[in-house]
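The block underneath contains the structure these notes are about, expressed in structure tokens.
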Amino acid sequence: MQLLDNRVRPYAWGSRTTIAALLGREVPAPHPEAELWLGAHPGDPSAIVAADGTARSLVEVLAEDPIGQLGQAVVGRWGDRLPFLLKVLAAEEPLSLQAHPSAVQAAEGYAREEKAGIAREAGNRNYPDPTAKPELLCALTEFHALAGFRSPARTVELLRAIETPALAGYVDLLAGEPDREGLRALFTTWITLPQPAIDALLPDLLDACVTHVKEHGEFELECRTALELGERYPGDTGVLAALLLNRLVLQAGEAIFLPAGNLHTYLHGTAIEVLANSDNVLRGGLTPKHVDVPELLRVLDFGFGDMTVCTGEPAGPRRVYRTPAPEFELSRIEWAPDEPRAEVKLEGGVPRVMVCVEGGVRVAAVDGRELSLGRGQSMWLPALDPDVVLAPVGDSPVRLFAATVGGATAGVSSL
């Protein structure tokens, strides 16, 4: 078990304070910091820090000893690639409207773009990785998001509440076919509208949203979101598409799972995100970056309904967020000052990445080795390591997250 040194992604929608404060650096940061990557993605791998202070890329360490670092079962399924990536995400502004491909779609798209000779770092590259990108997002603060298509019947009610003469025909399109195909038809129509049509439609629609907000109508939150997006991305068809999605407000500890094809955007807040080790993104708007509408339509899932919000399965000071994704599983481990400070045992045999976001924790291996994690620090536990026991340091609140492969929590217990 060794400490990690991790990379920060400076996207424009990031925060100048959140990640800098977590890492104990000067606040505000000189530029927006959006994501802290903890793992072994080739684009920005973490480094393992030895006791003497030297550092080596986790990608190199895995390549040299995949069985020891990842375990036979992981290597048998994913080769020498760590199947998951852990992130701290700090959204000060909305991300792009996006979806991620399935495993089959990712492999096909990657092969197609490789054959076409598109550089993996090119701005118009959709598939820098040949793998799927399901993800789980767990809020650290109040977190605002749009995710998954809302029930068409409910969306018709929203659109009727802000209907304008130019919008009426589109509302009728969905009302006449309130199902997956109706959503597909309306979304496809909106996202392919020529710019003059968008420019003619949006002003009156946003004016209707202003009126709805002033009257404290039933869809006030959705209308406020449309207005915020319209101000930030004037003339962007993503403002229309956002009206079709579930508007979510997550509290700390609440999480959502986003499978392949789920259309979403994160609006504001800080969260832990665990995902398959991939950077494949198909964008549909709300961004100056590359938007590939035909490819987005190929991967979108037009299933609909409320997004499931979970808080994890409890087991002492630990909560486990289980998903259908075999690549990852996330655990949240917390000790409050007024609760029992039971230790937590993690059995060896699987790779893990842990990050402490509050307080401090002592990690003791059964072979006598010991390592402490403070706020903002993280560590790598390879498969070859023996069992470890986690114990809070001091009486202050402690919160950390551990990511591993799916199904690995059969080997976790509270002492």
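Within each chain, counting starts at residue 1; across the structure tokens, chains are named A, B, ... in the order shown, with ligands numbered 1 upward in that order.
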Worksheet item: Which of segment 102-222 of chain A counts as alpha helix (DSSP H) under DSSP, as JSON, numbers by chain please?
Response: {"A": [103, 104, 105, 106, 107, 108, 109, 110, 111, 112, 113, 114, 115, 152, 153, 154, 155, 156, 157, 158, 159, 160, 161, 165, 166, 167, 168, 169, 170, 171, 172, 173, 174, 175, 180, 181, 182, 183, 184, 185, 186, 187, 188, 189, 190, 191, 195, 196, 197, 198, 199, 200, 201, 202, 203, 204, 205, 206, 207, 208, 209, 210, 211, 212, 213, 214, 220, 221, 222]}
Practice prompt. Enumerate, as a PyMOL selection string, the complete set of residues in segment 176-411 of chain A that a backbone-based DSSP assignment places in strand (DSSP E or B).
Written response: chain A and resi 245-250+255-258+264-276+282-285+304+310+313-315+318-321+329-335+344-346+352-358+361-365+370-373+378-381+388-392+398-404
May I have the selected residues written with C-alpha atoms, as a PDB file, in the first residue's frame?
```pdb
ATOM      1  CA  LEU A 245     -34.536  15.381 -18.698  1.00  0.00           C
ATOM      2  CA  ASN A 246     -35.084  14.671 -15.012  1.00  0.00           C
ATOM      3  CA  ARG A 247     -33.970  17.602 -12.842  1.00  0.00           C
ATOM      4  CA  LEU A 248     -32.215  16.242  -9.746  1.00  0.00           C
ATOM      5  CA  VAL A 249     -30.991  17.750  -6.483  1.00  0.00           C
ATOM      6  CA  LEU A 250     -28.803  15.255  -4.610  1.00  0.00           C
ATOM      7  CA  ALA A 255     -25.847   8.746  -5.650  1.00  0.00           C
ATOM      8  CA  ILE A 256     -27.073   8.022  -9.169  1.00  0.00           C
ATOM      9  CA  PHE A 257     -25.898   5.365 -11.602  1.00  0.00           C
ATOM     10  CA  LEU A 258     -25.594   6.350 -15.262  1.00  0.00           C
ATOM     11  CA  HIS A 264     -27.104  13.851 -18.720  1.00  0.00           C
ATOM     12  CA  THR A 265     -25.269  16.926 -17.571  1.00  0.00           C
ATOM     13  CA  TYR A 266     -23.972  17.969 -14.162  1.00  0.00           C
ATOM     14  CA  LEU A 267     -24.940  21.517 -13.251  1.00  0.00           C
ATOM     15  CA  HIS A 268     -23.296  22.436  -9.946  1.00  0.00           C
ATOM     16  CA  GLY A 269     -21.733  20.851  -6.888  1.00  0.00           C
ATOM     17  CA  THR A 270     -18.952  18.576  -5.664  1.00  0.00           C
ATOM     18  CA  ALA A 271     -19.056  14.802  -5.943  1.00  0.00           C
ATOM     19  CA  ILE A 272     -17.113  11.585  -5.994  1.00  0.00           C
ATOM     20  CA  GLU A 273     -17.400   9.798  -9.312  1.00  0.00           C
ATOM     21  CA  VAL A 274     -16.357   6.244 -10.097  1.00  0.00           C
ATOM     22  CA  LEU A 275     -16.520   5.024 -13.656  1.00  0.00           C
ATOM     23  CA  ALA A 276     -15.164   2.495 -16.052  1.00  0.00           C
ATOM     24  CA  LEU A 282     -20.604  11.922 -27.046  1.00  0.00           C
ATOM     25  CA  ARG A 283     -21.757  15.533 -26.650  1.00  0.00           C
ATOM     26  CA  GLY A 284     -25.116  16.996 -27.617  1.00  0.00           C
ATOM     27  CA  GLY A 285     -24.757  20.669 -26.734  1.00  0.00           C
ATOM     28  CA  PHE A 304     -37.538   7.091 -19.583  1.00  0.00           C
ATOM     29  CA  CYS A 310     -29.529   5.540  -3.672  1.00  0.00           C
ATOM     30  CA  GLU A 313     -26.312  -0.455   1.575  1.00  0.00           C
ATOM     31  CA  PRO A 314     -25.332   0.065   5.242  1.00  0.00           C
ATOM     32  CA  ALA A 315     -22.763  -2.094   7.038  1.00  0.00           C
ATOM     33  CA  ARG A 318     -19.585   1.696   5.646  1.00  0.00           C
ATOM     34  CA  ARG A 319     -22.094   2.103   2.830  1.00  0.00           C
ATOM     35  CA  VAL A 320     -21.720   0.216  -0.426  1.00  0.00           C
ATOM     36  CA  TYR A 321     -23.106   1.524  -3.721  1.00  0.00           C
ATOM     37  CA  GLU A 329     -17.921  -0.651  -6.903  1.00  0.00           C
ATOM     38  CA  LEU A 330     -17.820   2.299  -4.505  1.00  0.00           C
ATOM     39  CA  SER A 331     -17.863   2.284  -0.709  1.00  0.00           C
ATOM     40  CA  ARG A 332     -18.310   5.290   1.546  1.00  0.00           C
ATOM     41  CA  ILE A 333     -16.826   4.930   5.023  1.00  0.00           C
ATOM     42  CA  GLU A 334     -17.718   7.490   7.686  1.00  0.00           C
ATOM     43  CA  TRP A 335     -17.240   7.955  11.407  1.00  0.00           C
ATOM     44  CA  VAL A 344     -13.395  -1.667   9.087  1.00  0.00           C
ATOM     45  CA  LYS A 345     -11.533  -4.598   7.587  1.00  0.00           C
ATOM     46  CA  LEU A 346     -10.774  -4.801   3.856  1.00  0.00           C
ATOM     47  CA  ARG A 352      -8.382  -0.611  -4.504  1.00  0.00           C
ATOM     48  CA  VAL A 353      -8.027   3.150  -4.625  1.00  0.00           C
ATOM     49  CA  MET A 354      -8.963   5.095  -1.496  1.00  0.00           C
ATOM     50  CA  VAL A 355      -9.286   8.831  -0.940  1.00  0.00           C
ATOM     51  CA  CYS A 356      -9.937  10.671   2.328  1.00  0.00           C
ATOM     52  CA  VAL A 357     -12.137  13.763   1.999  1.00  0.00           C
ATOM     53  CA  GLU A 358     -12.583  14.612   5.693  1.00  0.00           C
ATOM     54  CA  VAL A 361      -7.720   7.453   8.962  1.00  0.00           C
ATOM     55  CA  ARG A 362      -5.065   4.886   9.872  1.00  0.00           C
ATOM     56  CA  VAL A 363      -4.621   1.970   7.469  1.00  0.00           C
ATOM     57  CA  ALA A 364      -2.897  -1.003   9.104  1.00  0.00           C
ATOM     58  CA  ALA A 365      -1.959  -4.169   7.205  1.00  0.00           C
ATOM     59  CA  GLU A 370       0.860   1.069   8.488  1.00  0.00           C
ATOM     60  CA  LEU A 371      -0.049   4.226   6.590  1.00  0.00           C
ATOM     61  CA  SER A 372      -2.102   7.279   7.518  1.00  0.00           C
ATOM     62  CA  LEU A 373      -4.375   9.237   5.215  1.00  0.00           C
ATOM     63  CA  SER A 378      -5.203   8.918  -1.404  1.00  0.00           C
ATOM     64  CA  MET A 379      -3.605   5.496  -1.618  1.00  0.00           C
ATOM     65  CA  TRP A 380      -3.243   2.422  -3.824  1.00  0.00           C
ATOM     66  CA  LEU A 381      -3.892  -1.046  -2.417  1.00  0.00           C
ATOM     67  CA  VAL A 388      -5.961  -4.121   6.043  1.00  0.00           C
ATOM     68  CA  VAL A 389      -7.894  -2.539   8.900  1.00  0.00           C
ATOM     69  CA  LEU A 390      -9.141   1.054   8.780  1.00  0.00           C
ATOM     70  CA  ALA A 391      -9.522   3.073  11.972  1.00  0.00           C
ATOM     71  CA  PRO A 392     -10.426   6.764  12.415  1.00  0.00           C
ATOM     72  CA  VAL A 398     -13.967  11.130   9.113  1.00  0.00           C
ATOM     73  CA  ARG A 399     -15.110  10.361   5.581  1.00  0.00           C
ATOM     74  CA  LEU A 400     -13.343   8.405   2.874  1.00  0.00           C
ATOM     75  CA  PHE A 401     -14.220   6.548  -0.296  1.00  0.00           C
ATOM     76  CA  ALA A 402     -12.845   3.254  -1.585  1.00  0.00           C
ATOM     77  CA  ALA A 403     -13.195   2.090  -5.187  1.00  0.00           C
ATOM     78  CA  THR A 404     -12.602  -1.441  -6.381  1.00  0.00           C
TER      79      THR A 404
END
```
Item to complete: Excluding Asp301 of chain A and any residue of its chain fewer than 2 positions from it, enumerate the residues within 8 Å of it, using only C-alpha atoms, and give them as a list of chain:residue names.
Response: A:Ala260, A:Gly261, A:Asn262, A:Leu263, A:Val299, A:Gly303
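If only C-alpha atoms are the atoms counted, then among A:Leu89, A:Pro194, A:Ala40, A:Ala73 the closest residue to Leu140 of chain A is A:Leu89.
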Discussion item. Need to verify the contact set: Asp44 of chain A, 12 Å, only C-alpha atoms, exclusion of same-chain residues closer than 4 positions in sequence. Can you return it as JSON, numbers by chain?
Written reply: {"A": [5, 6, 7, 8, 9, 10, 35, 36, 37, 38, 39, 40, 57, 58, 59, 85, 86, 87, 277, 278, 279]}
Item to complete: Using only C-alpha atoms, determine which residues lie at most 6 Å from Glu92 of chain A, disregarding the query and same-chain residues fewer than 3 positions distant; provide the list as a list in words.
Response: Trp13, Gly14, Ser15 and His268 of chain A
Would you save the residues from that selection as a short mmCIF file (atom, residue, chain, number, x, y, z; two decimals), in the first residue's frame, using N, CA and C atoms?
```cif
data_model
loop_
_atom_site.label_atom_id
_atom_site.label_comp_id
_atom_site.auth_asym_id
_atom_site.auth_seq_id
_atom_site.Cartn_x
_atom_site.Cartn_y
_atom_site.Cartn_z
N TRP A 13 -15.32 24.52 -16.72
CA TRP A 13 -16.49 24.50 -15.84
C TRP A 13 -16.12 24.21 -14.37
N GLY A 14 -14.84 24.03 -14.10
CA GLY A 14 -14.42 23.65 -12.76
C GLY A 14 -14.40 24.78 -11.76
N SER A 15 -14.05 24.43 -10.53
CA SER A 15 -14.00 25.38 -9.41
C SER A 15 -12.56 25.82 -9.15
N HIS A 268 -24.05 21.72 -10.99
CA HIS A 268 -23.30 22.44 -9.95
C HIS A 268 -23.15 21.54 -8.73
#
```
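Interatomic distance, atom CA of Arg375 of chain A to atom CA of Glu93 of chain A: 24.7 Å.
The shortest atom-to-atom distance to Tyr170 of chain A, with only C-alpha atoms taken into account, belongs to A:Thr155 out of A:Thr155, A:Ser396, A:Asn124, A:Gln72.
Put simply, atom CA of Thr131 of chain A is 5.3 Å away from atom CA of Ala106 of chain A.
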Discussion item. Could you check the closest approach to Ala132 of chain A for each of A:Glu343, A:Glu327, A:Glu60, A:Glu215 and tell me which residue wins, using only C-alpha atoms?
Written reply: A:Glu327
Discussion item. When you look at segment 288-293 of chain A with a cut-off of 9 Å (counting only C-alpha atoms), what residues show up, excluding the ones that are within fewer than 2 positions of it in the same chain? I need them as a PyMOL selection string.
Written reply: chain A and resi 96+123-126+188+191-192+282-286+295-298
Response to the item:
From atom CA of Ala325 of chain A to atom CA of Asp65 of chain A the spacing works out at 25.0 Å
